[in-house]
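Structure data follow from data28.txt (compact mmCIF, C-alpha atoms):
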# COMPACT_ATOMS: atom_id res chain seq x y z
CA PRO A 789 0.00 0.00 0.00
CA PHE A 790 1.11 3.53 -0.75
CA ALA A 791 -0.49 6.17 1.48
CA GLN A 792 0.22 9.75 2.54
CA GLU A 793 3.57 8.73 4.03
CA GLN A 794 4.95 8.97 0.47
CA MET A 795 4.76 12.73 0.92
CA HIS A 796 7.02 12.61 4.00
CA ALA A 797 10.47 13.14 2.51
CA GLY A 798 12.38 12.51 5.73
CA LEU A 799 16.12 12.45 5.01
CA MET A 800 16.11 11.33 1.37
CA LEU A 801 13.85 12.13 -1.57
CA ARG A 802 12.25 9.48 -3.78
CA ASP A 803 15.14 9.76 -6.28
CA ASN A 804 17.60 9.10 -3.41
CA SER A 805 18.90 12.68 -3.35
CA PRO A 806 19.23 14.46 0.02
CA ALA A 807 16.16 16.16 1.43
CA PRO A 808 16.56 19.40 3.43
CA GLY A 809 16.13 17.40 6.62
CA LEU A 810 19.37 15.49 6.05
CA ALA A 811 21.61 18.55 6.50
CA GLU A 812 19.68 19.56 9.59
CA ALA A 813 19.97 16.05 11.07
CA LYS A 814 23.72 16.04 10.41
CA GLN A 815 24.08 19.43 12.11
CA VAL A 816 22.18 18.26 15.21
CA ASN A 817 24.27 15.08 15.34
CA GLU A 818 27.50 17.10 15.23
CA GLU A 819 26.25 19.45 17.96
CA LEU A 820 25.22 16.56 20.21
CA ALA A 821 28.64 14.96 19.76
CA ARG A 822 30.23 18.05 21.34
CA LEU A 823 28.07 17.74 24.44
CA SER A 824 28.43 15.40 27.39
CA LEU A 825 24.78 14.69 28.13
CA GLU A 826 23.51 12.70 31.04
CA LYS A 827 20.91 10.01 30.49
CA THR A 828 17.31 11.12 30.23
CA THR A 829 15.79 11.18 33.69
CA LYS A 830 12.21 11.19 34.93
CA ALA A 831 10.40 14.52 34.59
CA PRO A 832 8.64 16.00 37.64
CA ILE A 833 5.28 15.93 35.84
CA ALA A 834 3.44 12.97 34.32
CA LEU A 835 0.56 13.43 31.89
CA ILE A 836 -1.66 10.36 31.54
CA HIS A 837 -2.94 9.69 28.03
CA ASP A 838 -5.38 6.88 27.33
CA TYR A 839 -6.71 5.86 23.91
CA GLU A 840 -9.81 4.37 25.54
CA ALA A 841 -10.66 7.82 26.92
CA ASP A 842 -10.29 9.27 23.44
CA TRP A 843 -12.68 6.68 21.99
CA MET A 844 -15.20 7.13 24.81
CA SER A 845 -15.31 10.90 24.46
CA ALA A 846 -15.76 10.57 20.68
CA LEU A 847 -18.57 8.02 21.03
CA ASP A 848 -20.27 9.99 23.80
CA GLY A 849 -19.75 13.37 22.18
CA GLN A 850 -22.43 15.56 23.82
CA SER A 851 -20.52 18.60 22.54
CA GLU A 852 -19.39 18.86 18.94
CA ASP A 853 -16.44 20.94 20.14
CA PHE A 854 -15.10 18.48 22.74
CA TYR A 855 -11.92 16.88 21.41
CA TYR A 856 -9.96 14.77 23.86
CA LEU A 857 -6.63 15.35 22.09
CA ARG A 858 -7.16 19.11 22.10
CA LEU A 859 -7.68 19.08 25.86
CA ILE A 860 -4.53 16.98 26.33
CA LEU A 861 -2.55 19.43 24.21
CA ASP A 862 -3.99 22.40 26.11
CA MET A 863 -2.84 20.98 29.46
CA TYR A 864 0.51 19.89 28.02
CA ARG A 865 1.05 23.36 26.54
CA ALA A 866 0.15 25.07 29.82
CA ALA A 867 2.79 23.10 31.71
CA ARG A 868 5.41 23.69 29.03
CA GLN A 869 4.62 27.42 29.00
CA ASN A 870 5.62 27.37 32.67
CA GLY A 871 8.97 25.80 31.83
CA ALA A 872 8.13 22.25 32.87
CA SER A 873 9.47 18.95 31.60
CA ILE A 874 6.73 16.33 31.16
CA ASP A 875 6.57 12.58 30.65
CA VAL A 876 3.54 11.27 28.74
CA LEU A 877 2.43 7.96 30.26
CA GLY A 878 -0.26 5.36 29.80
CA PRO A 879 -2.68 4.53 32.62
CA ASP A 880 -0.80 1.32 33.46
CA ASP A 881 2.65 2.89 33.76
CA ALA A 882 4.48 3.31 37.08
CA LEU A 883 3.86 6.66 38.78
CA ASP A 884 6.49 6.62 41.51
CA GLY A 885 8.74 9.66 41.69
CA TYR A 886 6.46 12.22 40.06
CA LYS A 887 5.45 15.40 41.88
CA LEU A 888 2.41 16.31 39.77
CA ILE A 889 0.17 14.03 37.74
CA LEU A 890 -2.08 15.51 35.04
CA VAL A 891 -5.20 13.62 34.00
CA PRO A 892 -6.71 15.80 31.26
CA SER A 893 -9.88 13.74 30.87
CA LEU A 894 -10.43 10.06 31.58
CA LEU A 895 -14.17 9.43 31.32
CA HIS A 896 -13.59 6.15 33.10
CA ILE A 897 -10.78 6.25 35.63
CA SER A 898 -10.17 2.98 37.40
CA ASP A 899 -9.92 2.55 41.16
CA ASP A 900 -6.51 0.96 40.56
CA LEU A 901 -5.17 4.04 38.78
CA LEU A 902 -6.53 6.38 41.46
CA ALA A 903 -5.01 4.18 44.17
CA ARG A 904 -1.61 4.28 42.44
CA ILE A 905 -1.82 8.08 42.06
CA LYS A 906 -2.63 8.37 45.75
CA ALA A 907 0.18 5.98 46.73
CA SER A 908 2.69 7.90 44.61
CA GLY A 909 2.35 10.94 46.87
CA ALA A 910 2.07 13.23 43.83
CA ARG A 911 -0.51 15.96 43.57
CA LEU A 912 -3.25 15.40 41.01
CA LEU A 913 -4.77 17.86 38.56
CA ALA A 914 -7.78 16.24 36.88
CA GLY A 915 -9.46 17.86 33.92
CA PRO A 916 -13.16 18.12 33.16
CA ARG A 917 -15.14 14.96 32.42
CA THR A 918 -12.83 12.74 34.42
CA GLY A 919 -14.52 9.85 36.23
CA LEU A 920 -18.01 10.50 34.88
CA LYS A 921 -18.55 7.05 33.34
CA THR A 922 -18.09 3.44 34.40
CA ASP A 923 -16.10 0.98 32.31
CA ASP A 924 -19.34 -0.13 30.63
CA PHE A 925 -20.34 3.45 29.75
CA GLN A 926 -22.91 4.01 32.50
CA LEU A 927 -23.20 6.94 34.86
CA PRO A 928 -21.70 5.93 38.22
CA SER A 929 -24.24 5.48 41.02
CA SER A 930 -22.03 7.92 42.97
CA LEU A 931 -22.32 10.41 40.02
CA SER A 932 -18.54 10.56 39.64
CA ALA A 933 -15.67 8.29 40.71
CA GLU A 934 -15.71 8.06 44.51
CA ALA A 935 -11.93 7.87 44.96
CA LEU A 936 -11.57 10.94 42.74
CA GLN A 937 -14.09 12.77 44.91
CA GLU A 938 -12.01 11.96 47.98
CA MET A 939 -8.83 13.31 46.40
CA THR A 940 -10.25 16.49 44.85
CA GLY A 941 -13.24 17.28 47.05
CA PHE A 942 -15.61 17.49 44.06
CA LYS A 943 -18.73 15.53 43.13
CA THR A 944 -20.31 16.34 39.76
CA THR A 945 -24.07 16.97 39.77
CA ARG A 946 -24.61 19.01 36.59
CA ILE A 947 -22.93 19.29 33.21
CA ASP A 948 -23.00 22.09 30.63
CA ALA A 949 -21.86 21.25 27.11
CA LEU A 950 -21.09 24.72 25.78
CA PRO A 951 -20.48 25.70 22.15
CA ALA A 952 -16.94 27.04 21.73
CA ARG A 953 -18.40 30.14 20.08
CA LEU A 954 -20.39 31.01 23.24
CA PRO A 955 -17.79 31.20 26.03
CA ILE A 956 -18.48 32.31 29.59
CA ALA A 957 -16.31 34.82 31.46
CA ALA A 958 -14.33 33.46 34.40
CA SER A 959 -11.88 34.76 36.98
CA TRP A 960 -9.31 33.19 39.26
CA GLN A 961 -7.04 34.56 41.97
CA ASP A 962 -3.56 33.15 42.51
CA GLN A 963 -1.85 32.75 45.89
CA SER A 964 -0.31 36.22 45.65
CA GLY A 965 -3.79 37.71 45.39
CA GLN A 966 -3.48 38.68 41.72
CA GLU A 967 -6.74 38.40 39.80
CA HIS A 968 -6.71 36.68 36.42
CA HIS A 969 -9.54 36.86 33.91
CA GLY A 970 -10.38 34.65 30.98
CA LEU A 971 -13.03 32.50 29.36
CA VAL A 972 -14.32 28.95 29.69
CA SER A 973 -16.13 27.05 26.97
CA ILE A 974 -16.95 23.59 25.56
CA TRP A 975 -17.44 21.88 28.93
CA ARG A 976 -18.05 22.74 32.57
CA GLU A 977 -19.44 21.01 35.62
CA GLU A 978 -21.27 22.06 38.75
CA GLY A 979 -21.19 19.92 41.84
CA ILE A 980 -20.93 19.44 45.55
CA ILE A 981 -17.63 20.83 46.78
CA ARG A 982 -16.38 19.29 50.00
CA GLY A 983 -12.92 20.75 49.54
CA GLN A 984 -12.01 24.32 48.67
CA ALA A 985 -13.73 26.12 45.80
CA ASP A 986 -11.41 28.29 43.74
CA GLY A 987 -12.21 30.81 41.03
CA GLN A 988 -15.61 31.24 39.47
CA CYS A 989 -17.51 31.73 36.25
CA ALA A 990 -19.59 34.85 35.68
CA ASP A 991 -22.71 33.03 36.94
CA GLY A 992 -21.01 31.91 40.15
CA MET A 993 -20.08 28.31 39.24
CA ALA A 994 -16.68 27.26 40.60
CA LEU A 995 -13.69 26.93 38.32
CA LEU A 996 -11.65 24.55 40.51
CA SER A 997 -12.09 22.33 43.54
CA HIS A 998 -9.12 21.46 45.78
CA GLY A 999 -9.04 18.38 47.97
CA ASN A 1000 -6.48 16.69 50.19
CA GLN A 1001 -4.27 15.45 47.36
CA GLY A 1002 -5.42 17.10 44.21
CA SER A 1003 -7.61 19.47 42.28
CA TYR A 1004 -10.46 19.09 39.83
CA LEU A 1005 -10.77 21.51 36.92
CA CYS A 1006 -14.51 22.04 36.67
CA ALA A 1007 -14.38 23.73 33.27
CA TRP A 1008 -12.27 24.03 30.13
CA PRO A 1009 -10.39 27.37 30.43
CA ASP A 1010 -8.79 29.37 27.65
CA GLU A 1011 -5.03 29.31 27.15
CA GLY A 1012 -4.15 32.29 29.35
CA LEU A 1013 -6.26 31.16 32.30
CA LEU A 1014 -5.09 27.55 32.08
CA ARG A 1015 -1.47 28.69 32.03
CA VAL A 1016 -1.71 30.52 35.38
CA ILE A 1017 -3.77 27.71 36.94
CA MET A 1018 -1.12 25.21 35.85
CA GLY A 1019 1.61 27.41 37.28
CA GLU A 1020 -0.13 27.42 40.64
CA ALA A 1021 -0.51 23.62 40.53
CA MET A 1022 3.21 23.35 39.87
CA HIS A 1023 4.02 25.64 42.81
CA LYS A 1024 1.89 23.48 45.12
CA ALA A 1025 3.81 20.43 43.93
CA ALA A 1026 7.16 22.16 44.59
CA ILE A 1027 8.05 22.37 40.89
CA ALA A 1028 9.94 25.44 39.68
CA CYS A 1029 7.97 27.72 37.33
CA HIS A 1030 9.47 29.92 34.64
CA ASP A 1031 7.75 32.65 32.64
CA MET A 1032 8.59 31.35 29.19
CA PRO A 1033 8.44 33.61 26.12
CA ALA A 1034 6.05 32.57 23.38
CA TYR A 1035 7.25 29.50 21.43
CA LEU A 1036 10.24 28.86 23.72
CA ARG A 1037 10.23 25.44 25.40
CA VAL A 1038 12.70 23.63 27.62
CA ARG A 1039 13.41 20.01 28.56
CA GLN A 1040 15.71 19.16 31.43
CA ARG A 1041 18.35 16.52 30.61
CA GLY A 1042 20.25 15.85 33.80
CA ASN A 1043 21.99 19.15 34.60
CA HIS A 1044 21.40 20.47 31.09
CA PRO A 1045 18.29 22.48 30.22
CA ILE A 1046 17.74 22.05 26.48
CA PHE A 1047 15.85 24.95 24.90
CA THR A 1048 13.91 24.75 21.65
CA HIS A 1049 12.52 27.87 20.01
CA TYR A 1050 9.68 27.42 17.52
CA GLY A 1051 8.96 31.09 16.80
CA PRO A 1052 10.12 33.45 14.05
CA GLU A 1053 11.62 36.12 16.36
CA GLU A 1054 14.51 36.11 18.81
CA VAL A 1055 13.63 35.66 22.48
CA THR A 1056 15.56 35.78 25.74
CA ILE A 1057 15.89 32.82 28.09
CA PRO A 1058 14.32 33.81 31.43
CA ASP A 1059 16.74 34.87 34.19
CA SER A 1060 15.13 32.25 36.47
CA PHE A 1061 17.22 29.59 34.68
CA LYS A 1062 20.50 31.28 35.65
Could you express the structure from this file as structure tokens?
Amino acid sequence: PFAQEQMHAGLMLRDNSPAPGLAEAKQVNEELARLSLEKTTKAPIALIHDYEADWMSALDGQSEDFYYLRLILDMYRAARQNGASIDVLGPDDALDGYKLILVPSLLHISDDLLARIKASGARLLAGPRTGLKTDDFQLPSSLSAEALQEMTGFKTTRIDALPARLPIAASWQDQSGQEHHGLVSIWREEGIIRGQADGQCADGMALLSHGNQGSYLCAWPDEGLLRVIMGEAMHKAAIACHDMPAYLRVRQRGNHPIFTHYGPEEVTIPDSFK
């Protein structure tokens, strides 16, 4: 079979002549040879990705704008905008050694996974729609996963599937007292909060719920709001935050921070890395 991969030149063209990527790969190889890099180590943050969750959210759409992968990328981007290194894991992978675990949206989250998150000692940040279905696609008799309720202090009782074109204003105050304003759209939940409510939408619905070992994101925030919320979650997990310029990303490799810049203009590495 010959599919779209034919269009991916890679290092050599179809006629066996060098593609532009070959010179770039050679340059990177030469630069790496001049460095003495340590082995890749575990990042402080784990993001749990599950194909089953993707399929479940697609089958049980409810909102034409809810895309599981987009929510994963939004949470991944928010952490990276704060200068974090992240490991992307499956739900069965070991969680020991992480300080913060991100669960963007697992419609069904098993008791085993929640128990392993709790045992890891890491803080949890769970995204909207997590724990709202059983493994056979039913609504839980407890309305949302009981172990998740215990960790985040939130029990879902109402869901709003919002069109992306009709966002709702929201605000959130960080630990320094600074007020941040933004929008939520696509999905939000109201519920019983036994922990600490944090932030609110324009109609008074909470933006976050904090429990004894984690937080539940009750809505899907825009990029700016999610970035500051993620930064606060990192602070609570004792992970250093950096105010990264647009398109600048970093990955820690032992004692070496490796910066990659995707933008068209020059930027300055934040002084917090010095």
Excluding Gly798 of chain A and any residue of its chain fewer than 3 positions from it, enumerate the residues within 8 Å of it, using only C-alpha atoms, and give them as a VMD selection string.
chain A and resid 801 807 809 to 810
If you count all atoms listed in the file, the residue of A:Glu1054, A:Glu938, A:Glu852, A:Asp1059 closest to Leu912 of chain A turns out to be A:Glu938
Atom CA of Asp853 of chain A and atom CA of Arg953 of chain A, how far apart in Å?
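Atom CA of Arg953 of chain A sits 9.4 Å away from atom CA of Asp853 of chain A.
Atom CA of Pro951 of chain A is positioned 10.5 Å from atom CA of Gln850 of chain A.
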Restricting the calculation to all atoms listed in the file: of A:Phe790, A:Phe1061, A:Trp975, A:Trp960, which residue gets closest to Asp1031 of chain A?
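Selected residue with least distance to Asp1031 of chain A: A:Phe1061.
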Do a neighbour search on Leu1014 of chain A at 9 Å with only C-alpha atoms, toss out local chain neighbours closer than 6 positions, and write the hits as a ChimeraX atom specification.
/A:862-863,866,970,1008
Would you mind exporting the chosen residues as a short mmCIF file (atom, residue, chain, number, x, y, z; two decimals), in the frame of the given file, restricted to C-alpha atoms?
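Below you can see result11.cif, which holds the result:
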data_model
loop_
_atom_site.label_atom_id
_atom_site.label_comp_id
_atom_site.auth_asym_id
_atom_site.auth_seq_id
_atom_site.Cartn_x
_atom_site.Cartn_y
_atom_site.Cartn_z
CA ASP A 862 -3.99 22.40 26.11
CA MET A 863 -2.84 20.98 29.46
CA ALA A 866 0.15 25.07 29.82
CA GLY A 970 -10.38 34.65 30.98
CA TRP A 1008 -12.27 24.03 30.13
#
Using Å and a single decimal, report how far atom CA of Pro1058 of chain A sits from atom CA of Ser824 of chain A.
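Computing the Euclidean distance for atom CA of Ser824 of chain A and atom CA of Pro1058 of chain A yields 23.5 Å.
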Contacts of Ala834 of chain A at 12 Å (only C-alpha atoms; same-chain gap of 2+ positions) as a PyMOL selection string:
chain A and resi 830-832+836-837+860+863-864+867+872-879+881-892+905+908+910-914+1022
Can you spit out the residues from that selection as an mmCIF file, in the coordinates of the input, using C-alpha atoms?
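File written: again_25.cif
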data_model
loop_
_atom_site.group_PDB
_atom_site.id
_atom_site.type_symbol
_atom_site.label_atom_id
_atom_site.label_comp_id
_atom_site.auth_asym_id
_atom_site.auth_seq_id
_atom_site.Cartn_x
_atom_site.Cartn_y
_atom_site.Cartn_z
ATOM 1 C CA LYS A 830 12.210 11.190 34.930
ATOM 2 C CA ALA A 831 10.400 14.520 34.590
ATOM 3 C CA PRO A 832 8.640 16.000 37.640
ATOM 4 C CA ILE A 836 -1.660 10.360 31.540
ATOM 5 C CA HIS A 837 -2.940 9.690 28.030
ATOM 6 C CA ILE A 860 -4.530 16.980 26.330
ATOM 7 C CA MET A 863 -2.840 20.980 29.460
ATOM 8 C CA TYR A 864 0.510 19.890 28.020
ATOM 9 C CA ALA A 867 2.790 23.100 31.710
ATOM 10 C CA ALA A 872 8.130 22.250 32.870
ATOM 11 C CA SER A 873 9.470 18.950 31.600
ATOM 12 C CA ILE A 874 6.730 16.330 31.160
ATOM 13 C CA ASP A 875 6.570 12.580 30.650
ATOM 14 C CA VAL A 876 3.540 11.270 28.740
ATOM 15 C CA LEU A 877 2.430 7.960 30.260
ATOM 16 C CA GLY A 878 -0.260 5.360 29.800
ATOM 17 C CA PRO A 879 -2.680 4.530 32.620
ATOM 18 C CA ASP A 881 2.650 2.890 33.760
ATOM 19 C CA ALA A 882 4.480 3.310 37.080
ATOM 20 C CA LEU A 883 3.860 6.660 38.780
ATOM 21 C CA ASP A 884 6.490 6.620 41.510
ATOM 22 C CA GLY A 885 8.740 9.660 41.690
ATOM 23 C CA TYR A 886 6.460 12.220 40.060
ATOM 24 C CA LYS A 887 5.450 15.400 41.880
ATOM 25 C CA LEU A 888 2.410 16.310 39.770
ATOM 26 C CA ILE A 889 0.170 14.030 37.740
ATOM 27 C CA LEU A 890 -2.080 15.510 35.040
ATOM 28 C CA VAL A 891 -5.200 13.620 34.000
ATOM 29 C CA PRO A 892 -6.710 15.800 31.260
ATOM 30 C CA ILE A 905 -1.820 8.080 42.060
ATOM 31 C CA SER A 908 2.690 7.900 44.610
ATOM 32 C CA ALA A 910 2.070 13.230 43.830
ATOM 33 C CA ARG A 911 -0.510 15.960 43.570
ATOM 34 C CA LEU A 912 -3.250 15.400 41.010
ATOM 35 C CA LEU A 913 -4.770 17.860 38.560
ATOM 36 C CA ALA A 914 -7.780 16.240 36.880
ATOM 37 C CA MET A 1022 3.210 23.350 39.870
#
Residue contacts of Ser973 of chain A (8 Å, only C-alpha atoms) excluding same-chain residues fewer than 2 positions away, as a PyMOL selection string:
chain A and resi 950-956+971+975-976+1007-1010
Give me, as a ChimeraX atom specification, all polymer residues having an atom no more than 8 Å from segment 983-998 of chain A, counting all atoms listed in the file and skipping those fewer than 5 positions away in the same chain.
/A:940-942,956-961,972,978,1003-1007
For Gly849 of chain A, the closest of A:Lys827, A:Ser964, A:Ala949, A:Asn1043 counting only C-alpha atoms is A:Ala949
Find, counting only C-alpha atoms, the residue in A:His968, A:His896, A:His1030, A:Lys1062 that gets nearest to Trp843 of chain A.
A:His896
